[in-house]
Amino acid sequence: IDKAVRIEKLGEKNFCVHTEYGQYSGKSVIIAAGVKHKQLKTRQNREDLVGKGVYYCAVCDGPFYKGKEVAVIGDANTALQYALLLSGYCKKVYVYTLFDKFFGDANLIKALREKENVEVRPNTSVTDFIGEDELTAIEYTDKDGNTHRHEIPAVFVAIGQEPDNAAFTNVADLDEHGYIAADESCKTKTAGVFVAGDCRTKAVRQVSTAVSDGAIAATNASLYLES
């Protein structure tokens with residue numbers, strides 16, 4: 001549960017990882033910080049409803065709403081996958097998209113269109129979450145700017161992911177999107193510091209590529225220590 005807040009290079013093969021609760025020394029460091037879900041910014045910033053009707057993982061929390069109506073926000077592959085998953089056991093799934101089309105794989109879009117219990121609401125922008133101790137409704141605007149309220153017990157947000165690498169800028173360069181700049185060697189600009197997984201620049205972010213990065217980073221860290 002300790003969070004790294006800074007990596008300090010004290011000398012050759014001598015690093016100190018500063019965390020919220022202490023410090024740890026090592027001869028090499030591998031950063032595998034992953035990515036986090038993008039948070040949907042709403043008018044009242046109702047972060048208190050996360051886990052109480054507002055969710056970012058349908059796989060984890062979807063089964064709690066079996067037989068009920070739910071909503072999904074997003075228009076890419078993750079949103080499509082969430083909607084398809086939820087349609088298997090939820091009474092109805094409403095999909096809110098910012099534009100009038102999806103930006104995911106054609107086979108996922110086709111599968112979703114064939115679901116009778118899925119309703120797509122395009123050109124909409126969810127602006128607020130409503131509820132006291134738990135979600136009771138969402139507010140959204142349509143393409144004409146009119147505001148509507150939809151009574152719903154759960155909403156699953158799937159609007160993308162983002163890295164959290166700000167703590168490592170002294171030892172690694174970041175690209176324009178905040179990912180650590182590193183090629184397939186998993187080496188950063190600092191000798192002895194490596195990166196693995198979704199937090200680095202790459203074309204494909206999947207479990208298989210993250211595992212590959214882990215093997216490469218560990219191997220190169222070992223070669224660095226032996227050099």
# chains A, B, ... in the order shown; residues from 1 in each chain; ligands from 1

$ select_by_dssp --residues "segment 13-185 of chain A" --states "alpha helix (DSSP H)" --output "ChimeraX atom specification"
/A:58-61,77-87,106-113

$ atom_distance --atom1 "atom CA of Asp198 of chain A" --atom2 "atom CA of Gly53 of chain A"
27.5 Å

$ residues_around --residues "segment 34-42 of chain A" --least-positions-apart "4" --cutoff "6 Å" --atoms "only C-alpha atoms" --output "JSON, numbers by chain"
{"A": [127, 128, 160, 161, 162, 163, 198, 199]}

$ residues_around --residues "Thr169 of chain A" --least-positions-apart "6" --cutoff "10 Å" --atoms "only C-alpha atoms" --output "ChimeraX atom specification"
/A:6-7,178,180

$ write_last_selection --atoms "all heavy atoms" --output "compact mmCIF listing (two decimals), in the first residue's frame"
# COMPACT_ATOMS: atom_id res chain seq x y z
N ARG A 6 9.02 9.64 -5.34
CA ARG A 6 10.21 10.18 -5.99
C ARG A 6 11.30 9.11 -6.05
O ARG A 6 11.42 8.29 -5.14
CB ARG A 6 10.74 11.39 -5.22
CG ARG A 6 11.95 12.09 -5.87
CD ARG A 6 12.13 13.48 -5.27
NE ARG A 6 12.37 13.43 -3.84
CZ ARG A 6 13.59 13.43 -3.27
NH1 ARG A 6 14.66 13.46 -4.03
NH2 ARG A 6 13.71 13.39 -1.96
N ILE A 7 12.06 9.11 -7.15
CA ILE A 7 13.21 8.22 -7.28
C ILE A 7 14.46 9.09 -7.34
O ILE A 7 14.56 9.99 -8.18
CB ILE A 7 13.11 7.36 -8.55
CG1 ILE A 7 11.87 6.46 -8.50
CG2 ILE A 7 14.37 6.49 -8.71
CD1 ILE A 7 11.61 5.72 -9.79
N GLY A 178 2.00 11.99 -21.14
CA GLY A 178 2.39 11.63 -19.79
C GLY A 178 2.96 10.23 -19.63
O GLY A 178 3.25 9.80 -18.51
N ILE A 180 5.90 7.34 -19.98
CA ILE A 180 7.36 7.34 -19.91
C ILE A 180 7.94 6.97 -21.27
O ILE A 180 7.59 5.95 -21.85
CB ILE A 180 7.86 6.37 -18.83
CG1 ILE A 180 7.43 6.87 -17.44
CG2 ILE A 180 9.38 6.22 -18.89
CD1 ILE A 180 7.80 5.94 -16.30

$ closest_residue --among "A:Asp144, A:Phe156, A:Leu80, A:Ala172" --to "Ala191 of chain A" --atoms "only C-alpha atoms"
A:Ala172

$ residues_around --residues "Phe168 of chain A" --least-positions-apart "6" --cutoff "12 Å" --atoms "only C-alpha atoms" --output "list in words"
Ala4, Val5, Arg6, Ile7, Glu8, Lys9, Val17, His18, Val29, Ile30, Ile31, Ala32, Ala33, Leu174, Gly178, Tyr179, Ile180, Ala181, Thr188, Lys189, Thr190, Val193, Phe194, Val195, Cys199 and Arg200 of chain A

$ write_last_selection --atoms "C-alpha atoms" --output "compact mmCIF listing (two decimals), in the first residue's frame"
# COMPACT_ATOMS: atom_id res chain seq x y z
CA ALA A 4 6.39 5.93 -4.52
CA VAL A 5 6.65 9.72 -4.70
CA ARG A 6 10.21 10.18 -5.99
CA ILE A 7 13.21 8.22 -7.28
CA GLU A 8 16.62 9.64 -6.38
CA LYS A 9 19.87 8.55 -7.99
CA VAL A 17 12.95 5.31 -3.71
CA HIS A 18 11.08 7.79 -1.55
CA VAL A 29 14.70 0.44 -10.31
CA ILE A 30 11.88 -0.82 -12.53
CA ILE A 31 8.86 1.47 -12.84
CA ALA A 32 5.64 -0.48 -13.49
CA ALA A 33 3.04 2.07 -12.41
CA LEU A 174 7.52 11.74 -20.52
CA GLY A 178 2.39 11.63 -19.79
CA TYR A 179 3.72 8.17 -20.67
CA ILE A 180 7.36 7.34 -19.91
CA ALA A 181 9.45 7.60 -23.08
CA THR A 188 14.76 5.25 -19.60
CA LYS A 189 17.07 8.24 -19.90
CA THR A 190 18.66 7.25 -16.56
CA VAL A 193 16.04 2.86 -14.29
CA PHE A 194 13.73 0.77 -16.46
CA VAL A 195 10.02 0.83 -17.21
CA CYS A 199 2.89 3.34 -18.20
CA ARG A 200 5.43 3.50 -21.05

$ atom_distance --atom1 "atom CA of Ile159 of chain A" --atom2 "atom CA of Phe102 of chain A"
11.9 Å

$ residues_around --residues "segment 131-140 of chain A" --least-positions-apart "4" --cutoff "9 Å" --atoms "only C-alpha atoms" --output "tab-separated table (two decimals) with all heavy atoms, in the first residue's frame"
chain	number	residue	atom	x	y	z
A	48	ASP	N	-17.78	11.45	-4.31
A	48	ASP	CA	-18.27	10.68	-3.16
A	48	ASP	C	-19.20	9.55	-3.58
A	48	ASP	O	-19.46	8.63	-2.79
A	48	ASP	CB	-19.00	11.59	-2.17
A	48	ASP	CG	-20.19	12.30	-2.81
A	48	ASP	OD1	-19.99	12.98	-3.84
A	48	ASP	OD2	-21.31	12.17	-2.28
A	49	LEU	N	-19.68	9.57	-4.82
A	49	LEU	CA	-20.58	8.51	-5.30
A	49	LEU	C	-19.84	7.38	-6.01
A	49	LEU	O	-20.46	6.41	-6.41
A	49	LEU	CB	-21.63	9.11	-6.24
A	49	LEU	CG	-22.67	10.04	-5.58
A	49	LEU	CD1	-23.62	10.58	-6.64
A	49	LEU	CD2	-23.44	9.31	-4.48
A	50	VAL	N	-18.52	7.52	-6.14
A	50	VAL	CA	-17.73	6.43	-6.72
A	50	VAL	C	-17.78	5.24	-5.78
A	50	VAL	O	-17.49	5.34	-4.59
A	50	VAL	CB	-16.27	6.87	-6.95
A	50	VAL	CG1	-15.44	5.68	-7.44
A	50	VAL	CG2	-16.21	8.01	-7.95
A	51	GLY	N	-18.20	4.10	-6.31
A	51	GLY	CA	-18.39	2.91	-5.47
A	51	GLY	C	-19.78	2.83	-4.88
A	51	GLY	O	-20.13	1.85	-4.22
A	52	LYS	N	-20.59	3.85	-5.13
A	52	LYS	CA	-21.96	3.90	-4.61
A	52	LYS	C	-22.94	4.19	-5.74
A	52	LYS	O	-23.86	4.98	-5.61
A	52	LYS	CB	-22.08	4.98	-3.51
A	52	LYS	CG	-21.16	4.75	-2.33
A	52	LYS	CD	-21.26	5.89	-1.33
A	52	LYS	CE	-20.31	5.68	-0.16
A	52	LYS	NZ	-20.36	6.81	0.81
A	53	GLY	N	-22.70	3.53	-6.85
A	53	GLY	CA	-23.53	3.72	-8.03
A	53	GLY	C	-22.75	4.22	-9.22
A	53	GLY	O	-23.18	4.05	-10.36
A	54	VAL	N	-21.60	4.83	-8.97
A	54	VAL	CA	-20.70	5.27	-10.04
A	54	VAL	C	-19.47	4.37	-10.02
A	54	VAL	O	-18.78	4.28	-9.00
A	54	VAL	CB	-20.28	6.74	-9.85
A	54	VAL	CG1	-19.30	7.16	-10.95
A	54	VAL	CG2	-21.50	7.65	-9.86
A	124	THR	N	-24.62	12.93	-26.63
A	124	THR	CA	-25.01	13.31	-25.27
A	124	THR	C	-23.77	13.55	-24.41
A	124	THR	O	-22.71	12.96	-24.65
A	124	THR	CB	-25.86	12.22	-24.61
A	124	THR	OG1	-25.15	10.97	-24.67
A	124	THR	CG2	-27.20	12.07	-25.29
A	125	SER	N	-23.91	14.39	-23.44
A	125	SER	CA	-22.82	14.68	-22.50
A	125	SER	C	-23.36	14.59	-21.08
A	125	SER	O	-24.22	15.39	-20.68
A	125	SER	CB	-22.25	16.08	-22.75
A	125	SER	OG	-21.26	16.40	-21.79
A	126	VAL	N	-22.89	13.60	-20.34
A	126	VAL	CA	-23.33	13.44	-18.95
A	126	VAL	C	-22.66	14.52	-18.12
A	126	VAL	O	-21.44	14.62	-18.05
A	126	VAL	CB	-22.97	12.04	-18.41
A	126	VAL	CG1	-23.34	11.93	-16.93
A	126	VAL	CG2	-23.69	10.97	-19.22
A	127	THR	N	-23.47	15.34	-17.48
A	127	THR	CA	-22.96	16.52	-16.78
A	127	THR	C	-22.98	16.40	-15.27
A	127	THR	O	-22.29	17.16	-14.58
A	127	THR	CB	-23.77	17.76	-17.18
A	127	THR	OG1	-25.17	17.51	-16.91
A	127	THR	CG2	-23.59	18.05	-18.66
A	146	ASN	N	-30.25	20.77	-24.51
A	146	ASN	CA	-31.30	20.59	-23.51
A	146	ASN	C	-30.85	19.62	-22.43
A	146	ASN	O	-30.17	18.63	-22.70
A	146	ASN	CB	-32.57	20.05	-24.17
A	146	ASN	CG	-33.11	21.00	-25.23
A	146	ASN	OD1	-33.20	22.20	-24.99
A	146	ASN	ND2	-33.46	20.47	-26.40
A	147	THR	N	-31.21	19.89	-21.19
A	147	THR	CA	-30.81	19.05	-20.05
A	147	THR	C	-31.90	18.05	-19.72
A	147	THR	O	-33.09	18.39	-19.67
A	147	THR	CB	-30.52	19.93	-18.81
A	147	THR	OG1	-29.45	20.84	-19.13
A	147	THR	CG2	-30.09	19.06	-17.63
A	148	HIS	N	-31.49	16.80	-19.49
A	148	HIS	CA	-32.42	15.73	-19.14
A	148	HIS	C	-31.92	15.00	-17.89
A	148	HIS	O	-30.72	15.05	-17.57
A	148	HIS	CB	-32.55	14.73	-20.29
A	148	HIS	CG	-32.93	15.35	-21.59
A	148	HIS	ND1	-34.23	15.52	-22.00
A	148	HIS	CD2	-32.15	15.86	-22.59
A	148	HIS	CE1	-34.25	16.09	-23.20
A	148	HIS	NE2	-33.00	16.31	-23.57
A	149	ARG	N	-32.84	14.33	-17.22
A	149	ARG	CA	-32.47	13.51	-16.06
A	149	ARG	C	-32.91	12.07	-16.32
A	149	ARG	O	-34.03	11.84	-16.79
A	149	ARG	CB	-33.11	14.03	-14.77
A	149	ARG	CG	-32.80	13.17	-13.56
A	149	ARG	CD	-33.34	13.75	-12.27
A	149	ARG	NE	-32.65	14.97	-11.89
A	149	ARG	CZ	-32.61	15.44	-10.64
A	149	ARG	NH1	-33.24	14.79	-9.68
A	149	ARG	NH2	-31.99	16.55	-10.36
A	150	HIS	N	-32.03	11.14	-16.03
A	150	HIS	CA	-32.32	9.72	-16.23
A	150	HIS	C	-32.18	9.00	-14.89
A	150	HIS	O	-31.09	8.93	-14.34
A	150	HIS	CB	-31.35	9.14	-17.26
A	150	HIS	CG	-31.61	7.70	-17.59
A	150	HIS	ND1	-30.82	6.97	-18.46
A	150	HIS	CD2	-32.58	6.83	-17.18
A	150	HIS	CE1	-31.30	5.74	-18.55
A	150	HIS	NE2	-32.35	5.63	-17.78
A	151	GLU	N	-33.29	8.50	-14.37
A	151	GLU	CA	-33.26	7.76	-13.11
A	151	GLU	C	-32.59	6.40	-13.36
A	151	GLU	O	-33.06	5.61	-14.18
A	151	GLU	CB	-34.68	7.54	-12.59
A	151	GLU	CG	-35.49	8.83	-12.42
A	151	GLU	CD	-35.00	9.68	-11.28
A	151	GLU	OE1	-34.44	9.10	-10.31
A	151	GLU	OE2	-35.16	10.91	-11.34
A	152	ILE	N	-31.50	6.14	-12.69
A	152	ILE	CA	-30.72	4.92	-12.92
A	152	ILE	C	-29.91	4.61	-11.65
A	152	ILE	O	-29.42	5.52	-10.98
A	152	ILE	CB	-29.77	5.10	-14.14
A	152	ILE	CG1	-29.35	3.76	-14.75
A	152	ILE	CG2	-28.58	5.95	-13.80
A	152	ILE	CD1	-30.27	3.24	-15.81
A	153	PRO	N	-29.79	3.34	-11.27
A	153	PRO	CA	-29.08	3.01	-10.03
A	153	PRO	C	-27.57	2.88	-10.17
A	153	PRO	O	-26.85	2.90	-9.18
A	153	PRO	CB	-29.69	1.68	-9.62
A	153	PRO	CG	-30.04	1.03	-10.93
A	153	PRO	CD	-30.48	2.15	-11.82
A	154	ALA	N	-27.09	2.71	-11.43
A	154	ALA	CA	-25.65	2.50	-11.61
A	154	ALA	C	-25.20	3.01	-12.97
A	154	ALA	O	-25.91	2.88	-13.95
A	154	ALA	CB	-25.30	1.02	-11.45
A	155	VAL	N	-24.00	3.57	-12.98
A	155	VAL	CA	-23.41	4.02	-14.24
A	155	VAL	C	-21.95	3.59	-14.26
A	155	VAL	O	-21.25	3.67	-13.24
A	155	VAL	CB	-23.52	5.56	-14.40
A	155	VAL	CG1	-22.86	6.28	-13.23
A	155	VAL	CG2	-22.91	6.02	-15.71

$ residues_around --residues "segment 68-71 of chain A" --least-positions-apart "4" --cutoff "6 Å" --atoms "only C-alpha atoms" --output "PyMOL selection string"
chain A and resi 90-95+154-155

$ atom_distance --atom1 "atom CA of Lys27 of chain A" --atom2 "atom CA of Ser227 of chain A"
12.1 Å

$ select_by_dssp --residues "chain A" --states "strand (DSSP E or B)" --output "PyMOL selection string"
chain A and resi 4-11+14-19+23-26+29-31+35-37+50+54-55+69-73+92-96+118-121+125-130+137-141+147-151+155-157+161-163+174+180+187+193-195+200

$ write_last_selection --atoms "C-alpha atoms" --output "mmCIF file, in the first residue's frame"
data_model
loop_
_atom_site.group_PDB
_atom_site.id
_atom_site.type_symbol
_atom_site.label_atom_id
_atom_site.label_comp_id
_atom_site.auth_asym_id
_atom_site.auth_seq_id
_atom_site.Cartn_x
_atom_site.Cartn_y
_atom_site.Cartn_z
ATOM 1 C CA ALA A 4 6.394 5.925 -4.520
ATOM 2 C CA VAL A 5 6.646 9.722 -4.703
ATOM 3 C CA ARG A 6 10.211 10.176 -5.990
ATOM 4 C CA ILE A 7 13.212 8.224 -7.280
ATOM 5 C CA GLU A 8 16.618 9.638 -6.384
ATOM 6 C CA LYS A 9 19.866 8.546 -7.993
ATOM 7 C CA LEU A 10 22.643 8.850 -5.401
ATOM 8 C CA GLY A 11 25.407 7.399 -7.550
ATOM 9 C CA ASN A 14 22.731 3.459 -5.982
ATOM 10 C CA PHE A 15 19.097 4.561 -5.912
ATOM 11 C CA CYS A 16 16.701 5.667 -3.204
ATOM 12 C CA VAL A 17 12.953 5.312 -3.708
ATOM 13 C CA HIS A 18 11.084 7.793 -1.547
ATOM 14 C CA THR A 19 7.545 6.806 -0.591
ATOM 15 C CA GLN A 23 12.651 5.181 1.884
ATOM 16 C CA TYR A 24 13.994 2.112 0.103
ATOM 17 C CA SER A 25 17.424 1.626 -1.434
ATOM 18 C CA GLY A 26 18.288 -0.407 -4.503
ATOM 19 C CA VAL A 29 14.700 0.439 -10.307
ATOM 20 C CA ILE A 30 11.878 -0.823 -12.533
ATOM 21 C CA ILE A 31 8.856 1.472 -12.841
ATOM 22 C CA VAL A 35 -2.426 3.512 -15.811
ATOM 23 C CA LYS A 36 -5.566 4.697 -14.059
ATOM 24 C CA HIS A 37 -9.116 5.254 -15.276
ATOM 25 C CA VAL A 50 -17.729 6.434 -6.725
ATOM 26 C CA VAL A 54 -20.698 5.268 -10.040
ATOM 27 C CA TYR A 55 -18.127 2.716 -11.173
ATOM 28 C CA GLU A 69 -31.130 -1.117 -15.655
ATOM 29 C CA VAL A 70 -27.672 0.466 -15.878
ATOM 30 C CA ALA A 71 -25.827 3.013 -17.991
ATOM 31 C CA VAL A 72 -22.418 3.044 -19.675
ATOM 32 C CA ILE A 73 -20.565 6.226 -20.629
ATOM 33 C CA LYS A 92 -31.339 -2.947 -19.943
ATOM 34 C CA VAL A 93 -28.142 -1.079 -20.756
ATOM 35 C CA TYR A 94 -28.102 2.555 -21.888
ATOM 36 C CA VAL A 95 -24.919 3.668 -23.662
ATOM 37 C CA TYR A 96 -24.178 7.392 -23.650
ATOM 38 C CA VAL A 118 -29.065 -2.117 -25.310
ATOM 39 C CA GLU A 119 -30.102 1.446 -26.162
ATOM 40 C CA VAL A 120 -27.496 3.867 -27.516
ATOM 41 C CA ARG A 121 -27.979 7.556 -26.784
ATOM 42 C CA SER A 125 -22.825 14.680 -22.498
ATOM 43 C CA VAL A 126 -23.330 13.436 -18.950
ATOM 44 C CA THR A 127 -22.955 16.516 -16.776
ATOM 45 C CA ASP A 128 -23.830 15.384 -13.268
ATOM 46 C CA PHE A 129 -24.430 12.478 -10.896
ATOM 47 C CA ILE A 130 -27.465 12.783 -8.619
ATOM 48 C CA ALA A 137 -29.948 9.502 -11.428
ATOM 49 C CA ILE A 138 -27.692 11.141 -13.983
ATOM 50 C CA GLU A 139 -28.127 14.448 -15.757
ATOM 51 C CA TYR A 140 -27.104 14.883 -19.382
ATOM 52 C CA THR A 141 -27.417 17.337 -22.239
ATOM 53 C CA THR A 147 -30.809 19.054 -20.052
ATOM 54 C CA HIS A 148 -32.421 15.728 -19.137
ATOM 55 C CA ARG A 149 -32.472 13.512 -16.056
ATOM 56 C CA HIS A 150 -32.324 9.719 -16.231
ATOM 57 C CA GLU A 151 -33.263 7.757 -13.114
ATOM 58 C CA VAL A 155 -23.407 4.022 -14.236
ATOM 59 C CA PHE A 156 -20.147 2.592 -15.569
ATOM 60 C CA VAL A 157 -17.663 5.150 -16.879
ATOM 61 C CA GLN A 161 -7.079 5.698 -19.225
ATOM 62 C CA GLU A 162 -4.194 7.944 -18.267
ATOM 63 C CA PRO A 163 -0.748 7.439 -16.697
ATOM 64 C CA LEU A 174 7.518 11.740 -20.524
ATOM 65 C CA ILE A 180 7.362 7.342 -19.913
ATOM 66 C CA LYS A 187 15.358 1.690 -20.803
ATOM 67 C CA VAL A 193 16.044 2.862 -14.295
ATOM 68 C CA PHE A 194 13.727 0.768 -16.459
ATOM 69 C CA VAL A 195 10.016 0.832 -17.211
ATOM 70 C CA ARG A 200 5.434 3.497 -21.050
#

$ closest_residue --among "A:Val211, A:Gly74, A:Asn117, A:Ala58" --to "Ser87 of chain A" --atoms "only C-alpha atoms"
A:Asn117

$ closest_residue --among "A:Ala217, A:Tyr65, A:Leu86, A:Lys101" --to "Ala182 of chain A" --atoms "only C-alpha atoms"
A:Ala217
